[in-house]
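**Q** I am attaching a structure below and will ask some questions about it afterwards.
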Amino acid sequence: MPLTALLLPMLLAEKAATAKTPATDGYDDPQDNTATAEKPKPEIPPVLLPAGTETAPEDIDNGVIEGRRRPGYQAPLPEKLSQDNPGAVRAPPPEAFSQEEFPIPDRWRLIQTLGVVKEHWWDPYNQNTYKGDRPINRAKVPWLPIKEDDWFFTAGLTSDTVLEPRTFPIPVGVQTTERPGSIDVFGKDASFVFSQTVIATASLVKGQTAFKPPVIEYKVALAFNYNYVDVPEKRVLFVEPSKPSHRSDHFLGVQEAFVDYHLRNTSDRFDFDSIRVGIQPFQADFRGFLFNDQQLGIRLFGNRDNNRVQYNLAAFWRLEKDTNSGLNSVVERPRDDFVFVANIYRQDFLIPALTSQFTVVYNRNREAGQIKVDDNGFPVRPALIGDLRGRDYDVFYLGYNADGHVGRINVTASAYTALGQDKNSIFTSKKADIRAFFGAAELSYDHDWMRFRLSGLYASGDHKPYDNKETGFDAIFENPIFAGADTSYWIRQTIPFAGGGRVIGVNGRNGILNSLRSSKDQGQSNFNNPGTMLAGAGADFDLTPELRLSANANHLWFENTATLKTLRNEGSIPKDIGWDLSAAATWRPKATQNIVARLSAAALLPGKGFRDLFDNSGGNRNYYSILANVIVTY
């Protein structure tokens, strides 16, 4: 037998044993802590094959056992991939990247560090430190008493310009007319208003600003107003008949000045409790029917259940208002008029997609012993109506409000009942119980770029002025966003109640209720009033993202005219106020809220009740107003 035949089995056995050693199979010996790369590899002698043999015997497996690799075996490579991507940019080679590290100040300034955006203090459209897009660099403002990071500063500037020609019934007497010899009860009705308001705001906030409530916030907002009014008759703008029938005035008011402090988080989804102290805005319901103002107060607020529940507990001490601008006057002592509010919101309550709000408001007024004369010389407290005596009152408002949608129908609704006691009724000079009701709803339907609306409102009136009940509903400080809002003639204009009370308006400016108050800003609530009813329809047309056209048609009535008949000594006054028709165009040239221009026109087509109460020397049957408004915001 040849020698190679004898040696071949032994060589194969030795080679197989060598292939199974840990040094070549990729596994470490569990008893050996030496790295496999450092172990010496045994030398394998060459295999001697018989003469004429070109391949190894049949029992040699050239394949790969799963989980193991035979030395020297190379698995076949996959087929070469090809990419068909015309125009693709080749990835830069590694040498194109710097090997040095460049520190970035913080994640807020990443875009600026990369040179993508360069900040300009006057630019409100891109990232800007002065509008809270980036935190403050504390090294640049060492004079600020702040510590730690994530402090943001936000500055704002708003210009609100109003031009408003209008007509409304203006009472006149022989001794006060601009035209001697005129003896009409109502004189010329045309007037003109120009108003320019500039609001500057500044806030300092600590927090992340995006996904959780701020830790603390300081905010101040100052408003400066200049106004000019020209009317055709005397004693409309000033109590003294010797003064002219035009007036210019200016005033600086403090509209916000508060501290907002984050008390705690109540869940890992950042449900929270916070407290806010100072002059602050507050709106008691979705549409501003009851109390929508900026007043001095303290407010505890927060949310629960992933923000599906929200609540407010607040107390406000009402500030005096400037007569001609309506801004807060902090140089005068606050009024003896307090408002306490408790409300809670629940999303998806009663039905999905509807937010329900339950509200309890207590208004405590103790101004019976005070006499307040406004800046133009007209008495506002007590109101010169009825017995002309001062009044105290306590009123509780219980309300339910809803906002959301039911299927394709958008729904907004409010309902209030007013319960309390008036210490001095203007008709009996005795105590009277307050029992009044209010309800309003607006339904709208969206179709593509159009929205169609139906509106309805009911505010009860006083049916029996001389009993011990007052059933006319009145709000605390209304600013309704409803039925066309200030595009509407009736909401925008004040109609003087001549012949039944001196310096008394049937309604108030930017108000919808017929409350017979001396002033919405400075007067007291009056629950001896004729009430209000409204039914209306309207539509919005978004012709482009920048341009919207709106139209509204509302019909108005007095709910009951008993108080009007008593005060005017008339036996019959119809309820019909008339038709309020309005149209508006709103243009946002940048498709943002930074520039908003609005032009609207409204007309009041008087009904029998309005014509019974008012007339004018020109015999004009209809009244008009035009509102041109431009708001520019930084």
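Here's how to read the names in the structure tokens: chain A, B, ... by the order shown, residue numbers from 1 in each chain, ligand numbers from 1 in the order shown.
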Give me, as a ChimeraX atom specification, all polymer residues having an atom no more than 10 Å from range 296-313 of chain A, counting only C-alpha atoms and skipping those fewer than 3 positions away in the same chain.
**A** /A:213,255-282,284,293,316-319,328,330,334,338-349,355-360
**Q** So which one's closest to Tyr416 in chain A, A:Val361, A:Leu627, A:Leu443, A:Ala498? Using only C-alpha atoms, please.
**A**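 When distances to Tyr416 in chain A are compared using only C-alpha atoms, the smallest one comes from A:Val361.
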**Q** So that each row is one residue of range 288-307 of chain A with an atom at most 12 Å from range 400-414 of chain A, can you give its shortest atom pair and the distance in Å to one decimal, using only C-alpha atoms, rows by chain and rising number, as a Markdown table?
**A**
| residue | atom | partner | partner_atom | distance |
| --- | --- | --- | --- | --- |
| A:Gly288 | CA | A:Ser414 | CA | 9.9 |
| A:Phe289 | CA | A:Ser414 | CA | 8.2 |
| A:Leu290 | CA | A:Ser414 | CA | 9.8 |
**Q** Please list as a list in words every residue within 9 Å of Ala155 in chain A, counting only C-alpha atoms and excluding residues in the same chain fewer than 3 positions away.
**A** Tyr130, Lys131, Gly132, Ala200, Thr201, Ala202, Ser203 and Tyr634 of chain A
**Q** Based on DSSP run over this structure's backbone, return all residues of range 406-562 of chain A in strand (DSSP E), as a PyMOL selection string.
**A** chain A and resi 406+409-422+432-447+450-459+469-470+532-542+547-557
**Q** Quick one, how far is CA of Phe152 in chain A from CA of Arg134 in chain A?
**A**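 These two atoms are separated by 6.7 Å.
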**Q** Could you tell me how far CA of Trp490 in chain A sits from CA of Trp587 in chain A, in Å to one decimal place?
**A**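 Atom-to-atom, CA of Trp587 in chain A to CA of Trp490 in chain A, that is 23.6 Å.
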**Q** Which one is closest to Ile577 in chain A: A:Gly472, A:Pro589, A:Pro606, A:Gly399? Count only C-alpha atoms.
**A**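 Going through A:Gly472, A:Pro589, A:Pro606, A:Gly399 one by one, the smallest distance to Ile577 in chain A is for A:Pro606.
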**Q** Separation of CA of Ser429 in chain A and CA of Ile385 in chain A, in Å?
**A**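 Distance between the two atoms: 12.0 Å.
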**Q** Tell me, as a short mmCIF file (atom, residue, chain, number, x, y, z; two decimals) with N, CA and C atoms, in the first residue's frame, which residues lie within 10 Å of Asp322 in chain A, counting only C-alpha atoms; anything in the same chain fewer than 4 positions away does not count.
**A**
data_model
loop_
_atom_site.label_atom_id
_atom_site.label_comp_id
_atom_site.auth_asym_id
_atom_site.auth_seq_id
_atom_site.Cartn_x
_atom_site.Cartn_y
_atom_site.Cartn_z
N HIS A 250 -57.03 112.40 24.90
CA HIS A 250 -56.04 111.32 24.89
C HIS A 250 -55.91 110.76 26.31
N PHE A 251 -55.43 109.51 26.38
CA PHE A 251 -55.33 108.86 27.68
C PHE A 251 -54.36 107.69 27.58
N LEU A 252 -53.63 107.45 28.67
CA LEU A 252 -52.74 106.30 28.78
C LEU A 252 -53.29 105.36 29.86
N GLY A 253 -53.59 104.13 29.48
CA GLY A 253 -54.18 103.17 30.41
C GLY A 253 -53.30 101.94 30.59
N GLY A 326 -62.24 104.36 27.26
CA GLY A 326 -62.62 103.07 27.80
C GLY A 326 -61.46 102.29 28.38
N LEU A 327 -60.28 102.92 28.54
CA LEU A 327 -59.12 102.24 29.09
C LEU A 327 -59.13 102.31 30.61
N ASN A 328 -58.36 101.39 31.24
CA ASN A 328 -58.29 101.34 32.69
C ASN A 328 -57.57 102.58 33.24
N SER A 329 -58.15 103.14 34.28
CA SER A 329 -57.53 104.27 34.97
C SER A 329 -57.02 103.81 36.33
N VAL A 330 -55.69 103.70 36.45
CA VAL A 330 -55.11 103.21 37.71
C VAL A 330 -54.80 104.35 38.67
N GLU A 332 -57.12 106.34 39.75
CA GLU A 332 -58.30 106.50 40.58
C GLU A 332 -58.49 105.26 41.46
N ASP A 374 -68.52 111.77 35.12
CA ASP A 374 -67.48 111.38 34.17
C ASP A 374 -66.64 112.57 33.73
N ASP A 375 -65.67 112.32 32.87
CA ASP A 375 -64.72 113.37 32.47
C ASP A 375 -65.37 114.47 31.65
N ASP A 521 -69.17 101.36 30.72
CA ASP A 521 -67.87 101.36 31.38
C ASP A 521 -67.95 101.80 32.84
N GLN A 522 -68.72 102.85 33.11
CA GLN A 522 -68.70 103.44 34.44
C GLN A 522 -70.02 103.31 35.20
#
**Q** Point out the residue among A:Arg389, A:Gly499, A:Ala415, A:Ala628 with the least atom-to-atom distance to Phe192 in chain A, counting only C-alpha atoms.
**A**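 Residue with the minimum atom-to-atom distance to Phe192 in chain A: A:Ala628.
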**Q** So that I can check the surroundings of Gln493 in chain A, please list as a PyMOL selection string every protein, DNA and RNA residue that reaches within 8 Å of it, counting only C-alpha atoms and ignoring chain neighbours fewer than 2 positions away.
**A** chain A and resi 168+489-491+495+508-510
**Q** For Asp133 in chain A, please output as a list in words all residues within 9 Å (counting only C-alpha atoms; exclusion window: fewer than 4 positions along the same chain).
**A**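 The residues that qualify are Trp108, Asn126, Gln127, Asn128, Thr129, Phe152, Phe153 and Thr154 of chain A.
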**Q** Kindly export the residues of the current selection with C-alpha atoms, as a tab-separated table (two decimals), in the first residue's frame.
**A**
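Printed below is again_30.tsv as written:
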chain	number	residue	atom	x	y	z
A	108	TRP	CA	-32.55	77.41	20.06
A	126	ASN	CA	-38.59	84.83	11.26
A	127	GLN	CA	-36.94	83.67	14.46
A	128	ASN	CA	-36.52	86.61	16.78
A	129	THR	CA	-35.39	86.79	20.39
A	152	PHE	CA	-37.78	84.27	27.23
A	153	PHE	CA	-38.64	87.89	26.49
A	154	THR	CA	-41.57	88.87	24.28
**Q** Extract the full set of helix (DSSP H, G or I) residues from range 78-298 of chain A according to DSSP on the backbone, and format it as a PDB file with C-alpha atoms, in the first residue's frame.
**A**
ATOM      1  CA  PRO A  94     -15.047  62.014   4.093  1.00  0.00           C
ATOM      2  CA  GLU A  95     -12.288  64.568   3.551  1.00  0.00           C
ATOM      3  CA  ALA A  96     -14.951  67.201   2.860  1.00  0.00           C
ATOM      4  CA  ARG A 107     -30.581  74.166  20.420  1.00  0.00           C
ATOM      5  CA  TRP A 108     -32.551  77.414  20.063  1.00  0.00           C
ATOM      6  CA  ARG A 109     -29.747  79.093  18.108  1.00  0.00           C
ATOM      7  CA  LEU A 110     -28.893  76.119  15.908  1.00  0.00           C
ATOM      8  CA  ILE A 111     -30.423  77.665  12.770  1.00  0.00           C
ATOM      9  CA  GLN A 112     -28.613  80.949  13.319  1.00  0.00           C
ATOM     10  CA  THR A 113     -25.306  79.171  14.057  1.00  0.00           C
ATOM     11  CA  ARG A 138     -28.147  86.295  30.322  1.00  0.00           C
ATOM     12  CA  ALA A 139     -24.559  87.430  29.746  1.00  0.00           C
ATOM     13  CA  LYS A 140     -25.898  90.296  27.616  1.00  0.00           C
TER      14      LYS A 140
END
**Q** Skip Leu604 in chain A itself and residues of its chain fewer than 5 positions away, then list as a VMD selection string all residues within 6 Å of it, counting only C-alpha atoms.
**A** chain A and resid 579 to 580 622 to 623
**Q** Which residue gives the smallest distance to Arg568 in chain A among A:Ile626, A:Arg502, A:Asp542, A:Ala584, with only C-alpha atoms counted?
**A**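 Ranking A:Ile626, A:Arg502, A:Asp542, A:Ala584 by distance to Arg568 in chain A, first place goes to A:Arg502.
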